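**Q** Handing over input-v1.cif, mmCIF, N, CA and C atoms.
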data_coords
loop_
_atom_site.group_PDB
_atom_site.id
_atom_site.type_symbol
_atom_site.label_atom_id
_atom_site.label_comp_id
_atom_site.auth_asym_id
_atom_site.auth_seq_id
_atom_site.Cartn_x
_atom_site.Cartn_y
_atom_site.Cartn_z
ATOM 1 N N MET E 26 0.840 -1.200 0.000
ATOM 2 C CA MET E 26 0.000 0.000 0.000
ATOM 3 C C MET E 26 0.873 1.247 0.000
ATOM 4 N N ILE E 27 0.352 2.279 -0.605
ATOM 5 C CA ILE E 27 1.049 3.562 -0.648
ATOM 6 C C ILE E 27 0.657 4.362 0.593
ATOM 7 N N ASP E 28 1.643 5.001 1.203
ATOM 8 C CA ASP E 28 1.398 5.836 2.376
ATOM 9 C C ASP E 28 0.381 6.917 2.024
ATOM 10 N N LYS E 29 -0.596 7.101 2.885
ATOM 11 C CA LYS E 29 -1.666 8.076 2.636
ATOM 12 C C LYS E 29 -1.116 9.502 2.486
ATOM 13 N N ARG E 30 -0.002 9.796 3.163
ATOM 14 C CA ARG E 30 0.611 11.135 3.046
ATOM 15 C C ARG E 30 1.130 11.378 1.628
ATOM 16 N N ILE E 31 1.639 10.326 1.002
ATOM 17 C CA ILE E 31 2.110 10.457 -0.384
ATOM 18 C C ILE E 31 0.921 10.687 -1.308
ATOM 19 N N ILE E 32 -0.156 9.937 -1.089
ATOM 20 C CA ILE E 32 -1.369 10.133 -1.897
ATOM 21 C C ILE E 32 -1.846 11.570 -1.757
ATOM 22 N N GLU E 33 -1.864 12.083 -0.538
ATOM 23 C CA GLU E 33 -2.324 13.459 -0.323
ATOM 24 C C GLU E 33 -1.406 14.474 -0.995
ATOM 25 N N LYS E 34 -0.094 14.251 -0.922
ATOM 26 C CA LYS E 34 0.854 15.171 -1.569
ATOM 27 C C LYS E 34 0.636 15.208 -3.082
ATOM 28 N N VAL E 35 0.522 14.029 -3.692
ATOM 29 C CA VAL E 35 0.345 13.939 -5.143
ATOM 30 C C VAL E 35 -0.968 14.615 -5.561
ATOM 31 N N LEU E 36 -2.058 14.276 -4.881
ATOM 32 C CA LEU E 36 -3.366 14.822 -5.269
ATOM 33 C C LEU E 36 -3.461 16.319 -4.995
ATOM 34 N N THR E 37 -2.784 16.798 -3.969
ATOM 35 C CA THR E 37 -2.753 18.238 -3.700
ATOM 36 C C THR E 37 -2.001 18.959 -4.816
ATOM 37 N N GLU E 38 -0.883 18.398 -5.244
ATOM 38 C CA GLU E 38 -0.138 18.994 -6.370
ATOM 39 C C GLU E 38 -0.988 19.001 -7.637
ATOM 40 N N GLN E 39 -1.726 17.920 -7.875
ATOM 41 C CA GLN E 39 -2.589 17.868 -9.055
ATOM 42 C C GLN E 39 -3.710 18.902 -8.955
ATOM 43 N N LEU E 40 -4.238 19.117 -7.764
ATOM 44 C CA LEU E 40 -5.261 20.143 -7.573
ATOM 45 C C LEU E 40 -4.711 21.532 -7.882
ATOM 46 N N GLU E 41 -3.475 21.785 -7.467
ATOM 47 C CA GLU E 41 -2.832 23.065 -7.768
ATOM 48 C C GLU E 41 -2.679 23.256 -9.279
ATOM 49 N N GLU E 42 -2.371 22.179 -9.994
ATOM 50 C CA GLU E 42 -2.267 22.255 -11.459
ATOM 51 C C GLU E 42 -3.622 22.603 -12.076
ATOM 52 N N ILE E 43 -4.689 22.043 -11.528
ATOM 53 C CA ILE E 43 -6.044 22.335 -12.022
ATOM 54 C C ILE E 43 -6.366 23.805 -11.794
ATOM 55 N N GLU E 44 -5.979 24.326 -10.644
ATOM 56 C CA GLU E 44 -6.236 25.741 -10.354
ATOM 57 C C GLU E 44 -5.505 26.635 -11.360
ATOM 58 N N GLU E 45 -4.312 26.249 -11.773
ATOM 59 C CA GLU E 45 -3.579 27.002 -12.788
ATOM 60 C C GLU E 45 -4.281 26.910 -14.143
ATOM 61 N N LEU E 46 -4.846 25.740 -14.459
ATOM 62 C CA LEU E 46 -5.580 25.570 -15.715
ATOM 63 C C LEU E 46 -6.776 26.514 -15.783
ATOM 64 N N LYS E 47 -7.415 26.741 -14.647
ATOM 65 C CA LYS E 47 -8.590 27.617 -14.617
ATOM 66 C C LYS E 47 -8.233 29.040 -15.038
ATOM 67 N N LYS E 48 -6.989 29.429 -14.834
ATOM 68 C CA LYS E 48 -6.532 30.776 -15.190
ATOM 69 C C LYS E 48 -6.163 30.876 -16.678
ATOM 70 N N ALA E 49 -5.904 29.740 -17.298
ATOM 71 C CA ALA E 49 -5.446 29.724 -18.684
ATOM 72 C C ALA E 49 -6.619 29.894 -19.644
ATOM 73 N N SER E 50 -6.312 30.397 -20.812
ATOM 74 C CA SER E 50 -7.305 30.510 -21.874
ATOM 75 C C SER E 50 -7.104 29.319 -22.810
ATOM 76 N N LEU E 51 -7.971 28.334 -22.680
ATOM 77 C CA LEU E 51 -7.833 27.110 -23.454
ATOM 78 C C LEU E 51 -8.742 27.146 -24.676
ATOM 79 N N CYS E 52 -8.277 26.560 -25.751
ATOM 80 C CA CYS E 52 -9.054 26.536 -26.988
ATOM 81 C C CYS E 52 -10.223 25.556 -26.869
ATOM 82 N N PRO E 53 -11.415 26.001 -27.236
ATOM 83 C CA PRO E 53 -12.546 25.063 -27.235
ATOM 84 C C PRO E 53 -12.377 24.042 -28.357
ATOM 85 N N ARG E 54 -12.916 22.849 -28.139
ATOM 86 C CA ARG E 54 -12.872 21.797 -29.148
ATOM 87 C C ARG E 54 -14.287 21.301 -29.370
ATOM 88 N N GLU E 55 -14.619 20.975 -30.608
ATOM 89 C CA GLU E 55 -15.984 20.546 -30.904
ATOM 90 C C GLU E 55 -16.334 19.231 -30.208
ATOM 91 N N GLU E 56 -15.333 18.439 -29.835
ATOM 92 C CA GLU E 56 -15.589 17.181 -29.133
ATOM 93 C C GLU E 56 -16.217 17.411 -27.755
ATOM 94 N N GLU E 57 -16.040 18.617 -27.201
ATOM 95 C CA GLU E 57 -16.618 18.947 -25.898
ATOM 96 C C GLU E 57 -18.138 18.770 -25.912
ATOM 97 N N LEU E 58 -18.753 18.979 -27.071
ATOM 98 C CA LEU E 58 -20.201 18.863 -27.189
ATOM 99 C C LEU E 58 -20.686 17.422 -27.052
ATOM 100 N N GLN E 59 -19.786 16.466 -27.189
ATOM 101 C CA GLN E 59 -20.170 15.054 -27.098
ATOM 102 C C GLN E 59 -20.245 14.548 -25.659
ATOM 103 N N VAL E 60 -19.705 15.309 -24.709
ATOM 104 C CA VAL E 60 -19.782 14.921 -23.301
ATOM 105 C C VAL E 60 -21.165 15.302 -22.794
ATOM 106 N N ASP E 61 -21.882 14.330 -22.257
ATOM 107 C CA ASP E 61 -23.279 14.537 -21.871
ATOM 108 C C ASP E 61 -23.498 14.226 -20.394
ATOM 109 N N PHE E 62 -23.433 15.257 -19.557
ATOM 110 C CA PHE E 62 -23.641 15.062 -18.127
ATOM 111 C C PHE E 62 -25.106 14.935 -17.762
ATOM 112 N N GLU E 63 -25.977 15.203 -18.696
ATOM 113 C CA GLU E 63 -27.412 15.051 -18.451
ATOM 114 C C GLU E 63 -27.824 13.574 -18.413
ATOM 115 N N SER E 64 -27.000 12.697 -18.978
ATOM 116 C CA SER E 64 -27.381 11.289 -19.100
ATOM 117 C C SER E 64 -27.371 10.544 -17.768
ATOM 118 N N GLY E 65 -26.585 10.988 -16.825
ATOM 119 C CA GLY E 65 -26.478 10.272 -15.564
ATOM 120 C C GLY E 65 -25.565 9.057 -15.636
ATOM 121 N N LEU E 66 -25.047 8.769 -16.807
ATOM 122 C CA LEU E 66 -24.129 7.653 -16.985
ATOM 123 C C LEU E 66 -22.689 8.146 -16.938
ATOM 124 N N ALA E 67 -21.788 7.239 -16.657
ATOM 125 C CA ALA E 67 -20.369 7.582 -16.700
ATOM 126 C C ALA E 67 -20.008 8.013 -18.118
ATOM 127 N N GLN E 68 -19.185 9.017 -18.226
ATOM 128 C CA GLN E 68 -18.716 9.485 -19.521
ATOM 129 C C GLN E 68 -17.281 9.017 -19.698
ATOM 130 N N VAL E 69 -16.980 8.429 -20.840
ATOM 131 C CA VAL E 69 -15.648 7.910 -21.119
ATOM 132 C C VAL E 69 -15.118 8.634 -22.349
ATOM 133 N N VAL E 70 -13.942 9.217 -22.202
ATOM 134 C CA VAL E 70 -13.295 9.890 -23.325
ATOM 135 C C VAL E 70 -12.078 9.056 -23.684
ATOM 136 N N ILE E 71 -12.038 8.593 -24.923
ATOM 137 C CA ILE E 71 -10.934 7.739 -25.347
ATOM 138 C C ILE E 71 -10.119 8.439 -26.425
ATOM 139 N N GLY E 72 -8.878 8.045 -26.539
ATOM 140 C CA GLY E 72 -7.994 8.589 -27.551
ATOM 141 C C GLY E 72 -6.567 8.152 -27.280
ATOM 142 N N VAL E 73 -5.686 8.463 -28.196
ATOM 143 C CA VAL E 73 -4.286 8.082 -28.033
ATOM 144 C C VAL E 73 -3.676 8.840 -26.857
ATOM 145 N N ARG E 74 -2.611 8.294 -26.357
ATOM 146 C CA ARG E 74 -1.904 8.886 -25.223
ATOM 147 C C ARG E 74 -1.453 10.307 -25.554
ATOM 148 N N ARG E 75 -1.605 11.201 -24.563
ATOM 149 C CA ARG E 75 -1.145 12.603 -24.644
ATOM 150 C C ARG E 75 -1.872 13.408 -25.742
ATOM 151 N N SER E 76 -3.129 13.074 -25.995
ATOM 152 C CA SER E 76 -3.864 13.771 -27.049
ATOM 153 C C SER E 76 -4.769 14.892 -26.516
ATOM 154 N N GLY E 77 -4.792 15.089 -25.200
ATOM 155 C CA GLY E 77 -5.578 16.180 -24.638
ATOM 156 C C GLY E 77 -6.929 15.766 -24.074
ATOM 157 N N LYS E 78 -7.098 14.493 -23.761
ATOM 158 C CA LYS E 78 -8.388 14.019 -23.227
ATOM 159 C C LYS E 78 -8.715 14.674 -21.886
ATOM 160 N N SER E 79 -7.742 14.742 -21.003
ATOM 161 C CA SER E 79 -7.978 15.344 -19.681
ATOM 162 C C SER E 79 -8.281 16.830 -19.799
ATOM 163 N N ILE E 80 -7.563 17.529 -20.655
ATOM 164 C CA ILE E 80 -7.803 18.957 -20.851
ATOM 165 C C ILE E 80 -9.204 19.178 -21.422
ATOM 166 N N LEU E 81 -9.608 18.325 -22.353
ATOM 167 C CA LEU E 81 -10.957 18.410 -22.903
ATOM 168 C C LEU E 81 -11.984 18.284 -21.770
ATOM 169 N N CYS E 82 -11.791 17.308 -20.899
ATOM 170 C CA CYS E 82 -12.718 17.109 -19.782
ATOM 171 C C CYS E 82 -12.695 18.286 -18.821
ATOM 172 N N HIS E 83 -11.521 18.815 -18.533
ATOM 173 C CA HIS E 83 -11.412 19.992 -17.671
ATOM 174 C C HIS E 83 -12.184 21.159 -18.269
ATOM 175 N N ASN E 84 -12.023 21.380 -19.572
ATOM 176 C CA ASN E 84 -12.739 22.456 -20.256
ATOM 177 C C ASN E 84 -14.251 22.324 -20.064
ATOM 178 N N VAL E 85 -14.755 21.121 -20.311
ATOM 179 C CA VAL E 85 -16.191 20.877 -20.193
ATOM 180 C C VAL E 85 -16.658 21.160 -18.765
ATOM 181 N N LEU E 86 -15.954 20.593 -17.801
ATOM 182 C CA LEU E 86 -16.360 20.745 -16.402
ATOM 183 C C LEU E 86 -16.299 22.194 -15.940
ATOM 184 N N MET E 87 -15.269 22.908 -16.355
ATOM 185 C CA MET E 87 -15.148 24.313 -15.956
ATOM 186 C C MET E 87 -16.237 25.160 -16.609
ATOM 187 N N LYS E 88 -16.533 24.906 -17.870
ATOM 188 C CA LYS E 88 -17.591 25.661 -18.548
ATOM 189 C C LYS E 88 -18.955 25.418 -17.909
ATOM 190 N N LEU E 89 -19.172 24.177 -17.445
ATOM 191 C CA LEU E 89 -20.446 23.848 -16.805
ATOM 192 C C LEU E 89 -20.495 24.309 -15.354
ATOM 193 N N GLY E 90 -19.344 24.709 -14.816
ATOM 194 C CA GLY E 90 -19.294 25.140 -13.422
ATOM 195 C C GLY E 90 -19.448 23.986 -12.446
ATOM 196 N N GLU E 91 -19.101 22.783 -12.887
ATOM 197 C CA GLU E 91 -19.228 21.600 -12.030
ATOM 198 C C GLU E 91 -18.132 21.586 -10.969
ATOM 199 N N LYS E 92 -18.495 21.187 -9.775
ATOM 200 C CA LYS E 92 -17.524 20.960 -8.707
ATOM 201 C C LYS E 92 -16.995 19.545 -8.910
ATOM 202 N N PHE E 93 -15.709 19.432 -9.242
ATOM 203 C CA PHE E 93 -15.165 18.109 -9.538
ATOM 204 C C PHE E 93 -13.849 17.870 -8.819
ATOM 205 N N ALA E 94 -13.536 16.603 -8.664
ATOM 206 C CA ALA E 94 -12.252 16.178 -8.123
ATOM 207 C C ALA E 94 -11.514 15.443 -9.237
ATOM 208 N N TYR E 95 -10.183 15.505 -9.174
ATOM 209 C CA TYR E 95 -9.364 14.957 -10.254
ATOM 210 C C TYR E 95 -8.239 14.115 -9.678
ATOM 211 N N ALA E 96 -8.014 12.965 -10.269
ATOM 212 C CA ALA E 96 -6.874 12.123 -9.922
ATOM 213 C C ALA E 96 -6.238 11.610 -11.208
ATOM 214 N N ASP E 97 -4.947 11.877 -11.349
ATOM 215 C CA ASP E 97 -4.177 11.420 -12.498
ATOM 216 C C ASP E 97 -3.286 10.271 -12.041
ATOM 217 N N PHE E 98 -3.645 9.064 -12.416
ATOM 218 C CA PHE E 98 -2.915 7.882 -11.963
ATOM 219 C C PHE E 98 -1.652 7.631 -12.769
ATOM 220 N N ASP E 99 -1.349 8.511 -13.705
ATOM 221 C CA ASP E 99 -0.133 8.375 -14.498
ATOM 222 C C ASP E 99 1.083 8.912 -13.739
ATOM 223 N N ASP E 100 0.866 9.520 -12.587
ATOM 224 C CA ASP E 100 1.964 10.050 -11.783
ATOM 225 C C ASP E 100 2.882 8.905 -11.334
ATOM 226 N N GLU E 101 4.160 9.099 -11.507
ATOM 227 C CA GLU E 101 5.166 8.076 -11.178
ATOM 228 C C GLU E 101 5.068 7.606 -9.718
ATOM 229 N N ARG E 102 4.674 8.483 -8.825
ATOM 230 C CA ARG E 102 4.585 8.121 -7.406
ATOM 231 C C ARG E 102 3.443 7.150 -7.125
ATOM 232 N N PHE E 103 2.565 6.950 -8.100
ATOM 233 C CA PHE E 103 1.475 5.995 -7.957
ATOM 234 C C PHE E 103 1.787 4.644 -8.621
ATOM 235 N N LYS E 104 3.014 4.451 -9.051
ATOM 236 C CA LYS E 104 3.337 3.252 -9.841
ATOM 237 C C LYS E 104 3.086 1.944 -9.096
ATOM 238 N N ASP E 105 3.185 1.951 -7.768
ATOM 239 C CA ASP E 105 2.968 0.733 -6.995
ATOM 240 C C ASP E 105 1.564 0.653 -6.401
ATOM 241 N N MET E 106 0.674 1.499 -6.870
ATOM 242 C CA MET E 106 -0.687 1.530 -6.329
ATOM 243 C C MET E 106 -1.426 0.246 -6.669
ATOM 244 N N THR E 107 -2.219 -0.194 -5.706
ATOM 245 C CA THR E 107 -3.077 -1.363 -5.924
ATOM 246 C C THR E 107 -4.520 -0.958 -5.662
ATOM 247 N N SER E 108 -5.411 -1.851 -5.924
ATOM 248 C CA SER E 108 -6.825 -1.561 -5.688
ATOM 249 C C SER E 108 -7.103 -1.282 -4.212
ATOM 250 N N ASP E 109 -6.267 -1.787 -3.327
ATOM 251 C CA ASP E 109 -6.427 -1.524 -1.896
ATOM 252 C C ASP E 109 -6.215 -0.055 -1.549
ATOM 253 N N ASP E 110 -5.524 0.691 -2.408
ATOM 254 C CA ASP E 110 -5.253 2.110 -2.159
ATOM 255 C C ASP E 110 -6.398 3.024 -2.588
ATOM 256 N N LEU E 111 -7.346 2.515 -3.343
ATOM 257 C CA LEU E 111 -8.373 3.378 -3.932
ATOM 258 C C LEU E 111 -9.275 4.037 -2.892
ATOM 259 N N ASP E 112 -9.556 3.359 -1.793
ATOM 260 C CA ASP E 112 -10.347 3.995 -0.730
ATOM 261 C C ASP E 112 -9.619 5.212 -0.169
ATOM 262 N N ASN E 113 -8.290 5.088 -0.005
ATOM 263 C CA ASN E 113 -7.509 6.227 0.487
ATOM 264 C C ASN E 113 -7.500 7.373 -0.519
ATOM 265 N N VAL E 114 -7.433 7.046 -1.804
ATOM 266 C CA VAL E 114 -7.483 8.084 -2.839
ATOM 267 C C VAL E 114 -8.792 8.860 -2.737
ATOM 268 N N LEU E 115 -9.901 8.148 -2.645
ATOM 269 C CA LEU E 115 -11.203 8.804 -2.554
ATOM 270 C C LEU E 115 -11.309 9.638 -1.271
ATOM 271 N N GLU E 116 -10.823 9.102 -0.174
ATOM 272 C CA GLU E 116 -10.852 9.833 1.095
ATOM 273 C C GLU E 116 -10.056 11.138 0.993
ATOM 274 N N VAL E 117 -8.881 11.076 0.394
ATOM 275 C CA VAL E 117 -8.040 12.269 0.237
ATOM 276 C C VAL E 117 -8.697 13.263 -0.717
ATOM 277 N N LEU E 118 -9.316 12.769 -1.780
ATOM 278 C CA LEU E 118 -9.991 13.671 -2.714
ATOM 279 C C LEU E 118 -11.086 14.469 -2.007
ATOM 280 N N TYR E 119 -11.853 13.818 -1.135
ATOM 281 C CA TYR E 119 -12.870 14.541 -0.373
ATOM 282 C C TYR E 119 -12.228 15.509 0.612
ATOM 283 N N LYS E 120 -11.120 15.127 1.186
ATOM 284 C CA LYS E 120 -10.436 15.994 2.150
ATOM 285 C C LYS E 120 -9.950 17.291 1.499
ATOM 286 N N ILE E 121 -9.346 17.182 0.319
ATOM 287 C CA ILE E 121 -8.748 18.373 -0.291
ATOM 288 C C ILE E 121 -9.711 19.156 -1.183
ATOM 289 N N ASN E 122 -10.801 18.504 -1.647
ATOM 290 C CA ASN E 122 -11.750 19.178 -2.541
ATOM 291 C C ASN E 122 -13.069 19.520 -1.871
ATOM 292 N N GLY E 123 -13.349 18.934 -0.726
ATOM 293 C CA GLY E 123 -14.687 19.058 -0.158
ATOM 294 C C GLY E 123 -15.634 18.204 -0.981
ATOM 295 N N ASP E 124 -16.922 18.517 -0.893
ATOM 296 C CA ASP E 124 -17.895 17.767 -1.686
ATOM 297 C C ASP E 124 -17.720 18.079 -3.170
ATOM 298 N N PHE E 125 -17.948 17.090 -4.000
ATOM 299 C CA PHE E 125 -17.882 17.288 -5.443
ATOM 300 C C PHE E 125 -18.947 16.445 -6.112
ATOM 301 N N ASN E 126 -19.329 16.875 -7.318
ATOM 302 C CA ASN E 126 -20.369 16.197 -8.084
ATOM 303 C C ASN E 126 -19.813 15.219 -9.095
ATOM 304 N N VAL E 127 -18.589 15.468 -9.549
ATOM 305 C CA VAL E 127 -17.989 14.694 -10.636
ATOM 306 C C VAL E 127 -16.593 14.264 -10.227
ATOM 307 N N LEU E 128 -16.258 13.027 -10.548
ATOM 308 C CA LEU E 128 -14.918 12.505 -10.302
ATOM 309 C C LEU E 128 -14.261 12.255 -11.648
ATOM 310 N N LEU E 129 -13.177 12.951 -11.913
ATOM 311 C CA LEU E 129 -12.441 12.833 -13.174
ATOM 312 C C LEU E 129 -11.176 12.022 -12.915
ATOM 313 N N LEU E 130 -11.086 10.874 -13.543
ATOM 314 C CA LEU E 130 -9.935 9.987 -13.389
ATOM 315 C C LEU E 130 -9.203 9.893 -14.717
ATOM 316 N N SER E 131 -7.887 10.000 -14.644
ATOM 317 C CA SER E 131 -7.101 9.839 -15.879
ATOM 318 C C SER E 131 -5.842 9.060 -15.587
#
Go ahead and express the file in the form of structure tokens.
**A**
Amino acid sequence: MIDKRIIEKVLTEQLEEIEELKKASLCPREEELQVDFESGLAQVVIGVRRSGKSILCHNVLMKLGEKFAYADFDDERFKDMTSDDLDNVLEVLYKINGDFNVLLLS
């Protein structure tokens, strides 16, 4: 298992990156219109690695004003993560974000 303090450090850094994204002027993409939060179903965005899927999702969520939490599992410090760590990830996400409506995982 990964130490919960490491999970909190990583997710806090990722939250800070999201806050910086909110300040940036990002180009809209027509694919944003395909994300449908009205459906109540999980939304899955697929594409090749490093093609901007997470940024597309951030754009949509910010435009909608959704309160969301974000976890990027591609971080090197999560390389030894197992399914047993996922409860701690969710707990930390609530701790650093408060309540949220949408969970964005990448």
**Q** If you apply the PyMOL selection byres (((chain E and resi 78-93 and name CA) around 8) and name CA) to this file, what residues do you get, as an MDAnalysis selection string?
**A** chainID E and resid 47 51 53:54 56:57 60 70:72 75:77 94:95 122 124:129 131
**Q** Determine the nearest neighbour of E:Leu36 from the options E:Ala96, E:Val69, E:Leu115, E:Leu130, counting only N, CA and C atoms.
**A**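 So, comparing all the options, the nearest one is E:Ala96.
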**Q** Apply the PyMOL selection byres ((chain E and resi 99-109) around 8) to the structure shown and report the selected residues as a ChimeraX atom specification.
**A** /E:26-27,31-32,35,96-98,110-114,131
**Q** Would you list, as a PDB file with N, CA and C atoms, keeping the file's coordinate frame, the residues of stretch 33-127 of chain E that end up in strand (DSSP E or B) under DSSP run on this structure's backbone?
**A**
ATOM      1  N   PHE E  93     -15.709  19.432  -9.242  1.00  0.00           N
ATOM      2  CA  PHE E  93     -15.165  18.109  -9.538  1.00  0.00           C
ATOM      3  C   PHE E  93     -13.849  17.870  -8.819  1.00  0.00           C
ATOM      4  N   ALA E  94     -13.536  16.603  -8.664  1.00  0.00           N
ATOM      5  CA  ALA E  94     -12.252  16.178  -8.123  1.00  0.00           C
ATOM      6  C   ALA E  94     -11.514  15.443  -9.237  1.00  0.00           C
ATOM      7  N   TYR E  95     -10.183  15.505  -9.174  1.00  0.00           N
ATOM      8  CA  TYR E  95      -9.364  14.957 -10.254  1.00  0.00           C
ATOM      9  C   TYR E  95      -8.239  14.115  -9.678  1.00  0.00           C
ATOM     10  N   ALA E  96      -8.014  12.965 -10.269  1.00  0.00           N
ATOM     11  CA  ALA E  96      -6.874  12.123  -9.922  1.00  0.00           C
ATOM     12  C   ALA E  96      -6.238  11.610 -11.208  1.00  0.00           C
ATOM     13  N   VAL E 127     -18.589  15.468  -9.549  1.00  0.00           N
ATOM     14  CA  VAL E 127     -17.989  14.694 -10.636  1.00  0.00           C
ATOM     15  C   VAL E 127     -16.593  14.264 -10.227  1.00  0.00           C
TER      16      VAL E 127
END
**Q** Atom CA of E:Thr37 and atom N of E:Ser50 are how many Å apart?
**A**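 For atom CA of E:Thr37 relative to atom N of E:Ser50, the distance reads 21.3 Å.
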**Q** If I take atom C of E:Lys120 and atom CA of E:Leu46, how far is one from the other in Å, to one decimal?
**A**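 That distance, rounded to one decimal, is 19.6 Å.
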**Q** Among stretch 26-130 of chain E, which residues carry a DSSP assignment of alpha helix (DSSP H), reported as number ranges by chain?
**A** E: 29-48, 78-89, 111-122
**Q** What would the file look like if the residues just selected were written as a short mmCIF file (atom, residue, chain, number, x, y, z; two decimals), in the coordinates of the input with N, CA and C atoms?
**A**
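Printed below is selection_11.cif as written:
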data_model
loop_
_atom_site.label_atom_id
_atom_site.label_comp_id
_atom_site.auth_asym_id
_atom_site.auth_seq_id
_atom_site.Cartn_x
_atom_site.Cartn_y
_atom_site.Cartn_z
N LYS E 29 -0.60 7.10 2.88
CA LYS E 29 -1.67 8.08 2.64
C LYS E 29 -1.12 9.50 2.49
N ARG E 30 0.00 9.80 3.16
CA ARG E 30 0.61 11.14 3.05
C ARG E 30 1.13 11.38 1.63
N ILE E 31 1.64 10.33 1.00
CA ILE E 31 2.11 10.46 -0.38
C ILE E 31 0.92 10.69 -1.31
N ILE E 32 -0.16 9.94 -1.09
CA ILE E 32 -1.37 10.13 -1.90
C ILE E 32 -1.85 11.57 -1.76
N GLU E 33 -1.86 12.08 -0.54
CA GLU E 33 -2.32 13.46 -0.32
C GLU E 33 -1.41 14.47 -1.00
N LYS E 34 -0.09 14.25 -0.92
CA LYS E 34 0.85 15.17 -1.57
C LYS E 34 0.64 15.21 -3.08
N VAL E 35 0.52 14.03 -3.69
CA VAL E 35 0.34 13.94 -5.14
C VAL E 35 -0.97 14.62 -5.56
N LEU E 36 -2.06 14.28 -4.88
CA LEU E 36 -3.37 14.82 -5.27
C LEU E 36 -3.46 16.32 -5.00
N THR E 37 -2.78 16.80 -3.97
CA THR E 37 -2.75 18.24 -3.70
C THR E 37 -2.00 18.96 -4.82
N GLU E 38 -0.88 18.40 -5.24
CA GLU E 38 -0.14 18.99 -6.37
C GLU E 38 -0.99 19.00 -7.64
N GLN E 39 -1.73 17.92 -7.88
CA GLN E 39 -2.59 17.87 -9.06
C GLN E 39 -3.71 18.90 -8.96
N LEU E 40 -4.24 19.12 -7.76
CA LEU E 40 -5.26 20.14 -7.57
C LEU E 40 -4.71 21.53 -7.88
N GLU E 41 -3.48 21.78 -7.47
CA GLU E 41 -2.83 23.06 -7.77
C GLU E 41 -2.68 23.26 -9.28
N GLU E 42 -2.37 22.18 -9.99
CA GLU E 42 -2.27 22.26 -11.46
C GLU E 42 -3.62 22.60 -12.08
N ILE E 43 -4.69 22.04 -11.53
CA ILE E 43 -6.04 22.34 -12.02
C ILE E 43 -6.37 23.80 -11.79
N GLU E 44 -5.98 24.33 -10.64
CA GLU E 44 -6.24 25.74 -10.35
C GLU E 44 -5.50 26.64 -11.36
N GLU E 45 -4.31 26.25 -11.77
CA GLU E 45 -3.58 27.00 -12.79
C GLU E 45 -4.28 26.91 -14.14
N LEU E 46 -4.85 25.74 -14.46
CA LEU E 46 -5.58 25.57 -15.72
C LEU E 46 -6.78 26.51 -15.78
N LYS E 47 -7.42 26.74 -14.65
CA LYS E 47 -8.59 27.62 -14.62
C LYS E 47 -8.23 29.04 -15.04
N LYS E 48 -6.99 29.43 -14.83
CA LYS E 48 -6.53 30.78 -15.19
C LYS E 48 -6.16 30.88 -16.68
N LYS E 78 -7.10 14.49 -23.76
CA LYS E 78 -8.39 14.02 -23.23
C LYS E 78 -8.72 14.67 -21.89
N SER E 79 -7.74 14.74 -21.00
CA SER E 79 -7.98 15.34 -19.68
C SER E 79 -8.28 16.83 -19.80
N ILE E 80 -7.56 17.53 -20.66
CA ILE E 80 -7.80 18.96 -20.85
C ILE E 80 -9.20 19.18 -21.42
N LEU E 81 -9.61 18.32 -22.35
CA LEU E 81 -10.96 18.41 -22.90
C LEU E 81 -11.98 18.28 -21.77
N CYS E 82 -11.79 17.31 -20.90
CA CYS E 82 -12.72 17.11 -19.78
C CYS E 82 -12.70 18.29 -18.82
N HIS E 83 -11.52 18.82 -18.53
CA HIS E 83 -11.41 19.99 -17.67
C HIS E 83 -12.18 21.16 -18.27
N ASN E 84 -12.02 21.38 -19.57
CA ASN E 84 -12.74 22.46 -20.26
C ASN E 84 -14.25 22.32 -20.06
N VAL E 85 -14.76 21.12 -20.31
CA VAL E 85 -16.19 20.88 -20.19
C VAL E 85 -16.66 21.16 -18.76
N LEU E 86 -15.95 20.59 -17.80
CA LEU E 86 -16.36 20.74 -16.40
C LEU E 86 -16.30 22.19 -15.94
N MET E 87 -15.27 22.91 -16.36
CA MET E 87 -15.15 24.31 -15.96
C MET E 87 -16.24 25.16 -16.61
N LYS E 88 -16.53 24.91 -17.87
CA LYS E 88 -17.59 25.66 -18.55
C LYS E 88 -18.95 25.42 -17.91
N LEU E 89 -19.17 24.18 -17.44
CA LEU E 89 -20.45 23.85 -16.80
C LEU E 89 -20.50 24.31 -15.35
N LEU E 111 -7.35 2.52 -3.34
CA LEU E 111 -8.37 3.38 -3.93
C LEU E 111 -9.28 4.04 -2.89
N ASP E 112 -9.56 3.36 -1.79
CA ASP E 112 -10.35 4.00 -0.73
C ASP E 112 -9.62 5.21 -0.17
N ASN E 113 -8.29 5.09 0.00
CA ASN E 113 -7.51 6.23 0.49
C ASN E 113 -7.50 7.37 -0.52
N VAL E 114 -7.43 7.05 -1.80
CA VAL E 114 -7.48 8.08 -2.84
C VAL E 114 -8.79 8.86 -2.74
N LEU E 115 -9.90 8.15 -2.64
CA LEU E 115 -11.20 8.80 -2.55
C LEU E 115 -11.31 9.64 -1.27
N GLU E 116 -10.82 9.10 -0.17
CA GLU E 116 -10.85 9.83 1.10
C GLU E 116 -10.06 11.14 0.99
N VAL E 117 -8.88 11.08 0.39
CA VAL E 117 -8.04 12.27 0.24
C VAL E 117 -8.70 13.26 -0.72
N LEU E 118 -9.32 12.77 -1.78
CA LEU E 118 -9.99 13.67 -2.71
C LEU E 118 -11.09 14.47 -2.01
N TYR E 119 -11.85 13.82 -1.14
CA TYR E 119 -12.87 14.54 -0.37
C TYR E 119 -12.23 15.51 0.61
N LYS E 120 -11.12 15.13 1.19
CA LYS E 120 -10.44 15.99 2.15
C LYS E 120 -9.95 17.29 1.50
N ILE E 121 -9.35 17.18 0.32
CA ILE E 121 -8.75 18.37 -0.29
C ILE E 121 -9.71 19.16 -1.18
N ASN E 122 -10.80 18.50 -1.65
CA ASN E 122 -11.75 19.18 -2.54
C ASN E 122 -13.07 19.52 -1.87
#
**Q** What is the atom C of E:Asp61 to atom CA of E:Gln39 distance in Å?
**A**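 Pair atom C of E:Asp61 / atom CA of E:Gln39 returns 24.1 Å.
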